[in-house]
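Everything on this sheet refers to the single structure shown next.
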Amino acid sequence: MVLPANSGSSLPLTEEEGDDRMREKSNLVSILLLLILLTKFTAAQITIVSVLDESLGEGLSWLETAVSEAQQTGGLTLKQQMVRVSLEQEEDGEKQLCQHLAGGAAVVLDVTAGGWTYARDTSDQFGLPYVRVQISNYQWMAAADQLLQSRNATDAALIFDSESQLDQALYYLVEGSVVRVIVLNGVKDETTNTLTKMRPAPSYYVIIGETPQLVDLFSKAVKKNLVTRDSRWTLVATDVSGDPFDGGLLKGSMGLTLMTPAEEVCCIARNIRPSGSCDCQNLQIPRELTRNAVMTLVKALKADGRQNVVGTCGNAPASPPTTTSFYSTLETELKSWSKVEWLSEKRQVTPQLKFNIQAINSSKTQDVGTWTTQGRLSLNPDYEHSPIRRFFKIGTLLARPWVSRKAKSMKTNSTDPNDYEGYCVKLAARLAELMKFDYEFVFPADGQYGARQKNGSWNGLVADLANGVTDIIVAPLTMTSEREEVIDFVAPYFDQSGISIVIRKRQREENLFKFMMVLRAEVWVSIVAALVVTGVMIWLLDRYSPYSAQNNAQLYPPNCRKFTLKESFWFALTSFTPQGGGEAPKALSGRTLVAAYWLFVVLMLATFTANLAAFLTVERMQTPVSSLEELAGQSKINYTVLKSTATFRYFSNMAAAEEELYRVWKELTLNSTSDQSKYRVWDYPIKEQYTHILQVIEDSHPVERAEEGFARVLANTKGEFAFIHDASEIRYEVYQDCQLTEVGEPFAEQPYAIAVQQGSHLQDEISRMILELQKDRYFEALNAQFWNSSARGACPNDSDSEGITLQSLGGVFIATLIGLALAMVALAAEVLYYKRVPNTPTRVTDISQLHSKKALKMASEKDHVAHINVTPVY
């Protein structure tokens with residue numbers, strides 16, 4: 001009802017109007033009371049922004065339960081905003097965080113596995129407290145990692161019972177684990193196949209999860225034959241279960257290592273003083289840690305009087321509130337929580353956990369040690385901590401001097417390294433000693449090093465390594481870019497071993513009268529004819545010349561030599577000796593003939609001496625070829641190589657390059673657009689040397705084994721077969737066999753290196769060991785054991801030390817012996833002739849019977865007459 005403005009008195013209200021007025025006043029009072037209550041309620045409400053990642057599957061329900069319980073017991077009105085963080089979609093999480101902070105928040109609680117840096121930085125901008133609680137399996141991973149390191153483990157397969165456990169573990173592995181791992185989710189068929197085919201096989205296996213899942217996963221591993229080596233399996237329990245591990249799963253000497261949280265961990269998780277039992281039955285440690293962390297956080301908020309702070313991302317308050325008092329209050333509240341540490345630099349609440357480590361087999365259980373957050377790993381001194389050695393399959397093949405079967409070993413297909421010897425055998429043993437692993441040898445079925453086939457596949461050692469049959473190749477394997485496509489090489493251990501040529505030394509023809517071969521037969525006949533003609537001519541000239549001693553004795557002294565036919569031949573023959581022919585003829589004609597004859601003798605002797613020396617020297621130094629070019633330029637000596645090796649690939653590639661060059665040259669010469677005058681030549685300017693070599697190799701058929709190639713060389717006694725092969729192996733065989741010789745200098749030099757699978761963690765480890773051995777000069781000492789020329793000794797036909805042999809000049813001694821025999825025959829003839837003619841005068845006189853000078857003179861004259869006039873006839 002509206003009163004008039006000029007009304008001076010009020011009119012009485014009706015009953016209905018009074019009720020309406022009273023109703024309006026009551027509504028107004030109710031609204032005012034409601035506004036007051038709403039204001040008080042809003043002022044008392046505190047918002048907690050909780051950040052968790054997808055790896056913590058049950059974390060959402062844990063946080064909701066914890067906040068609800070804290071609200072009931074803390075006397076505060078709490079509101080919780082959830083932010084789910086994903087590594088793949090982190091931007092979405094950032095937007096959610098900004099939206100929640102814009103509505104007001106009092107604190108940011110981070111329960112992610114690795115901590116979210118963006119949430120911490122944003123909280124600092126708004127002046128909001130940031131608290132991170134470590135409830136992931138980070139400490140379990142740290143304990144397992146240190147246990148593996150204590151056993152000198154370098155690689156391990158980690159198996160988790162759930163994907164969430166796997167995701168949480170990745171944060172620790174990325175942060176800094178030194179053990180190389182493969183992460184698997186459960187023991188399934190695909191997991192088993194992966195572990196079975198993995199090369200190198202993991203040295204250790206670790207299963208992480210709750211106790212029921214641990215038993216289930218290990219049972220599956222046993223059934224799938226993955227548990228093969230003692231104590232290589234470690235089971236890490238994330239819960240505290242009263243049920244002990246069933247040792248019946250372990251057969252024979254099979255064993256494992258079990259890591260479980262100590263009972264005091266239950267007290268820490270429940271925030272109970274460890275004065276008695278903490279009820280560990282079916283306790284989920286992360287859930288209890290989350291609950292008590294939220295309860296402690298709410299107490300700190302209430303004690304500090306924190307209120308919500310409103311802001312927007314990118315527009316932080318100019319003067320954000322401080323958080324120092326809150327962190328101080330929180331640290332005070334945490335002191336009531338036994339064995340929980342506040343890390344101020346990380347703003348992280350970390351429970352101080354403890355794990356018991358036991359070694360279990362089918363018969364007993366032993367304490368290995370403990371692990372604590374502060375003290376880390378502590379091993380039991382009474383337990384024998386022997387690191388378990390890794391096991392690798394090393395691919396190699398038989399090739400002297402690298403790997404060869406011991407003479408005493410009767411096993412033909414043995415994989416035991418003790419049955420073999422050689423350079424690579426010693427190198428593998430040294431690496432095993434330094435890297436602490438066991439191994440066995442695996443030989444390729446085809447016995448080849450490895451080459452790419454026409455269909456793109458590989459054979460030999462390379463195929464075995466690429467397909468996971470072997471873990472490492474320790475063999476004389478050359479580093480090539482083609483092989484690098486499927487395998488990885490480590491640092492070279494044998495530098496610059498190229499390709500060389502080996503042939504057999506020619507066997508000399510043994511001939512006692514080899515000195516007679518210096519001159520041809522017609523020359524010897526001509527010399528004998530010249531001697532005979534000269535002897536006859538000297539006899540004729542001395543017989544008919546009026547000035548000879550024979551025809552004119554008064555012109556010459558007594559006893560001058562008279563050149564009868566016998567004396568003439570004797571003079572001509574003895575003129576060939578250094579002693580000379582004796583007294584020469586006296587007549588001018590005879591002397592002229594003798595002077596010419598002497599000149600002939602000097603020239604013939606000089607020619608014979610020079611040719612004999614050259615003949616014997618050339619015979620020792622003569623080699624059929626001295627280089628690859630000479631070998632390719634002749635057709636008498638055949639040659640071959642070892643099949644499926646870098647040597648065969650070298651000649652194939654060089655021949656292909658020659659063909660390509662010829663094609664390009666032909667296009668240039670026949671191309672009408674080019675200046676043909678620049679390329680107009682009579683012949684192709686590049687020799688097609690390697691094309692011819694490859695053709696000869698294919699015609700001679702490449703051998704399957706190096707032993708076959710050396711055998712073919714030795715089988716050809718004329719030295720007309722060559723084997724083109726690795727220079728180091730050829731040099732070793734030459735040092736072992738005096739019948740072999742190396743031709744020319746090595747070419748196409750390439751280093752040898754150990755190979756591993758692509759991406760294998762062994763590459764860096766082996767490379768480091770190779771460099772250490774090089775620094776210690778290990779390879780120099782090893783080379784001296786196998787390539788030492790002094791160990792062979794002197795060869796009987798060594799051209800460097802051999803002189804003129806008895807076989808070469810034995811005929812000279814035989815001729816001398818024949819002359820001696822003829823002299824003895826002549827002596828016998830003289831004695832017989834003398835006995836047959838006893839009255840023959842002699843010039844031997846017994847002067848003891850002459851007593852006077854007259855008798856002596858008469859005897860002298862008689863003896864002179866007998867000497868001059870009496871000539872015995874033979």
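Here, A, B, ... name the chains of the structure tokens in the order displayed, residue numbers run from 1 inside each chain, and ligands are numbered from 1 in the same displayed order.
Those residues that approach Val641 of chain A to within 8 Å, counting only C-alpha atoms, are Tyr639, Lys643, Thr647, Phe648, Ile697, Pro702, Val703, Gly709, Phe723, Ile724 and His725 of chain A; same-chain residues fewer than 2 positions away are not listed.
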Atoms kept (all heavy atoms) for selection, written as an mmCIF file, in the first residue's frame:
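Final output, part-v3.cif:
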data_model
loop_
_atom_site.group_PDB
_atom_site.id
_atom_site.type_symbol
_atom_site.label_atom_id
_atom_site.label_comp_id
_atom_site.auth_asym_id
_atom_site.auth_seq_id
_atom_site.Cartn_x
_atom_site.Cartn_y
_atom_site.Cartn_z
ATOM 1 N N TYR A 639 96.259 -67.948 -59.579
ATOM 2 C CA TYR A 639 96.110 -67.464 -58.211
ATOM 3 C C TYR A 639 94.638 -67.457 -57.844
ATOM 4 O O TYR A 639 93.745 -67.497 -58.705
ATOM 5 C CB TYR A 639 96.712 -66.064 -58.049
ATOM 6 C CG TYR A 639 96.416 -65.121 -59.185
ATOM 7 C CD1 TYR A 639 95.256 -64.340 -59.206
ATOM 8 C CD2 TYR A 639 97.295 -65.012 -60.261
ATOM 9 C CE1 TYR A 639 94.990 -63.479 -60.242
ATOM 10 C CE2 TYR A 639 97.028 -64.154 -61.312
ATOM 11 C CZ TYR A 639 95.875 -63.383 -61.301
ATOM 12 O OH TYR A 639 95.610 -62.543 -62.344
ATOM 13 N N LYS A 643 87.094 -67.134 -50.210
ATOM 14 C CA LYS A 643 85.723 -66.756 -50.549
ATOM 15 C C LYS A 643 85.075 -65.960 -49.409
ATOM 16 O O LYS A 643 85.353 -66.185 -48.248
ATOM 17 C CB LYS A 643 84.905 -68.025 -50.831
ATOM 18 C CG LYS A 643 83.516 -67.780 -51.371
ATOM 19 C CD LYS A 643 82.840 -69.104 -51.674
ATOM 20 C CE LYS A 643 81.434 -68.890 -52.223
ATOM 21 N NZ LYS A 643 80.770 -70.191 -52.500
ATOM 22 N N THR A 647 89.060 -59.440 -48.972
ATOM 23 C CA THR A 647 89.983 -59.526 -50.100
ATOM 24 C C THR A 647 89.225 -59.777 -51.406
ATOM 25 O O THR A 647 89.477 -59.104 -52.417
ATOM 26 C CB THR A 647 90.998 -60.657 -49.869
ATOM 27 O OG1 THR A 647 91.687 -60.430 -48.643
ATOM 28 C CG2 THR A 647 91.989 -60.734 -51.006
ATOM 29 N N PHE A 648 88.309 -60.725 -51.381
ATOM 30 C CA PHE A 648 87.503 -61.007 -52.580
ATOM 31 C C PHE A 648 86.651 -59.792 -52.931
ATOM 32 O O PHE A 648 86.504 -59.431 -54.106
ATOM 33 C CB PHE A 648 86.626 -62.229 -52.330
ATOM 34 C CG PHE A 648 85.822 -62.654 -53.522
ATOM 35 C CD1 PHE A 648 86.408 -63.377 -54.541
ATOM 36 C CD2 PHE A 648 84.483 -62.316 -53.633
ATOM 37 C CE1 PHE A 648 85.681 -63.773 -55.657
ATOM 38 C CE2 PHE A 648 83.741 -62.696 -54.732
ATOM 39 C CZ PHE A 648 84.349 -63.434 -55.751
ATOM 40 N N ILE A 697 90.799 -65.237 -60.815
ATOM 41 C CA ILE A 697 90.368 -65.756 -59.514
ATOM 42 C C ILE A 697 89.130 -66.627 -59.673
ATOM 43 O O ILE A 697 89.028 -67.720 -59.078
ATOM 44 C CB ILE A 697 90.113 -64.586 -58.543
ATOM 45 C CG1 ILE A 697 91.436 -63.928 -58.142
ATOM 46 C CG2 ILE A 697 89.373 -65.064 -57.298
ATOM 47 C CD1 ILE A 697 91.268 -62.673 -57.311
ATOM 48 N N PRO A 702 87.612 -69.534 -55.947
ATOM 49 C CA PRO A 702 87.987 -69.132 -54.581
ATOM 50 C C PRO A 702 87.835 -70.299 -53.599
ATOM 51 O O PRO A 702 86.921 -71.114 -53.719
ATOM 52 C CB PRO A 702 86.990 -68.000 -54.264
ATOM 53 C CG PRO A 702 86.569 -67.482 -55.600
ATOM 54 C CD PRO A 702 86.567 -68.667 -56.516
ATOM 55 N N VAL A 703 88.752 -70.368 -52.663
ATOM 56 C CA VAL A 703 88.767 -71.484 -51.721
ATOM 57 C C VAL A 703 87.847 -71.173 -50.539
ATOM 58 O O VAL A 703 87.557 -70.013 -50.226
ATOM 59 C CB VAL A 703 90.199 -71.749 -51.223
ATOM 60 C CG1 VAL A 703 91.077 -72.203 -52.373
ATOM 61 C CG2 VAL A 703 90.790 -70.504 -50.573
ATOM 62 N N GLY A 709 93.923 -72.810 -49.441
ATOM 63 C CA GLY A 709 94.720 -71.947 -50.308
ATOM 64 C C GLY A 709 96.206 -72.175 -50.125
ATOM 65 O O GLY A 709 96.954 -72.276 -51.111
ATOM 66 N N PHE A 723 98.591 -67.422 -53.754
ATOM 67 C CA PHE A 723 97.409 -67.244 -52.911
ATOM 68 C C PHE A 723 97.409 -65.805 -52.423
ATOM 69 O O PHE A 723 98.350 -65.366 -51.750
ATOM 70 C CB PHE A 723 97.442 -68.218 -51.735
ATOM 71 C CG PHE A 723 96.222 -68.182 -50.867
ATOM 72 C CD1 PHE A 723 94.959 -68.042 -51.407
ATOM 73 C CD2 PHE A 723 96.336 -68.285 -49.478
ATOM 74 C CE1 PHE A 723 93.824 -68.011 -50.607
ATOM 75 C CE2 PHE A 723 95.213 -68.250 -48.664
ATOM 76 C CZ PHE A 723 93.958 -68.115 -49.237
ATOM 77 N N ILE A 724 96.380 -65.058 -52.778
ATOM 78 C CA ILE A 724 96.241 -63.659 -52.365
ATOM 79 C C ILE A 724 95.360 -63.638 -51.123
ATOM 80 O O ILE A 724 94.180 -63.989 -51.184
ATOM 81 C CB ILE A 724 95.641 -62.809 -53.497
ATOM 82 C CG1 ILE A 724 96.440 -62.983 -54.786
ATOM 83 C CG2 ILE A 724 95.606 -61.333 -53.093
ATOM 84 C CD1 ILE A 724 95.845 -62.263 -55.972
ATOM 85 N N HIS A 725 95.926 -63.219 -50.033
ATOM 86 C CA HIS A 725 95.212 -63.357 -48.756
ATOM 87 C C HIS A 725 95.678 -62.267 -47.788
ATOM 88 O O HIS A 725 96.475 -61.382 -48.143
ATOM 89 C CB HIS A 725 95.491 -64.759 -48.199
ATOM 90 C CG HIS A 725 94.643 -65.141 -47.033
ATOM 91 N ND1 HIS A 725 93.279 -65.003 -47.015
ATOM 92 C CD2 HIS A 725 94.975 -65.644 -45.801
ATOM 93 C CE1 HIS A 725 92.798 -65.409 -45.867
ATOM 94 N NE2 HIS A 725 93.809 -65.794 -45.097
#
Residues within 8 Å of Phe392 of chain A, only C-alpha atoms, excluding chain neighbours under 6 positions, as a list in words
Pro200, Ala201, Phe437, Asp438, Tyr439, Glu440, Thr470, Asp471 and Ile472 of chain A
Near Thr329 of chain A, counting only C-alpha atoms, which residues have an atom at most 9 Å away, once you skip same-chain residues fewer than 6 positions from it, shown as a VMD selection string?
chain A and resid 299 to 301 303 to 304
If we count only C-alpha atoms, what is near Asp464 of chain A at a cut-off of 12 Å, once residues fewer than 6 positions away on the same chain are taken out, given as a list in words?
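Those residues are Arg199, Lys393, Ile394, Gly395, Thr396, Leu397, Val442, Phe443, Pro444, Ala445, Asp446, Gly447, Gln448, Tyr449, Gly450, Ala451, Ser457, Trp458, Thr470, Asp471, Ile472, Ile473, Val486, Ile487, Ala755, Val756 and Gln757 of chain A.
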Rank A:Ala595, A:Leu166, A:Ile538, A:Val518 by their smallest atom-to-atom distance to Thr609 of chain A, using only C-alpha atoms, and report the top residue only.
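Among the listed residues, A:Val518 lies closest to Thr609 of chain A.
Rounded to one decimal, atom CA of Lys454 of chain A and atom CA of Tyr690 of chain A lie 21.4 Å from each other.
Between Arg430 of chain A and the candidates A:Phe571, A:Leu827, A:Val51, A:Glu772, the tightest atom-to-atom separation, counting only C-alpha atoms, involves A:Glu772.
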Compile the contact shell of Arg712 of chain A as a list in words: residues with an atom at most 10 Å away, counting only C-alpha atoms, same-chain residues fewer than 5 positions apart removed.
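After dropping sequence-adjacent residues, the list is Ile503, Arg504, Tyr639, Thr640, Val703, Glu707, Thr717, Phe721, Ala722 and Phe723 of chain A.
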Choose the residue, out of A:Thr77, A:Ser626, A:Thr577, A:Gln139, that has the smallest atom-to-atom separation from Pro351 of chain A; count only C-alpha atoms.
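Of A:Thr77, A:Ser626, A:Thr577, A:Gln139, the one nearest Pro351 of chain A is A:Gln139, counting only C-alpha atoms.
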A:Glu567, A:Asp416, A:Glu210, A:Asp764 ranked by distance to Met537 of chain A, top pick (using only C-alpha atoms):
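The closest residue to Met537 of chain A is A:Glu567.
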Using only C-alpha atoms, the shortest atom-to-atom distance to Ala143 of chain A among A:Leu128, A:Leu541, A:Ile360, A:Leu377 belongs to A:Leu377
Neighbour list for Phe747 of chain A as a list in words, cut-off 8 Å, only C-alpha atoms, skip fewer than 5 positions in-chain
Gly498, Ile499 and Ser500 of chain A
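Picture a line from atom CA of Cys313 of chain A to atom CA of Ser86 of chain A; it runs 19.6 Å.
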Trp62 of chain A: which residues within 7 Å, counting only C-alpha atoms, same-chain residues fewer than 6 positions away excluded, as a ChimeraX atom specification?
/A:287,290-291
Could you find all residues in segment 407-617 of chain A that DSSP calls strand (DSSP E) from the backbone, and write them as a VMD selection string?
chain A and resid 420 to 421 437 to 442 472 to 473 487 to 504
Please, what distance in Å, to one decimal, runs between atom CA of Thr192 of chain A and atom CA of Lys224 of chain A?
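Separation between atom CA of Thr192 of chain A and atom CA of Lys224 of chain A: 7.2 Å.
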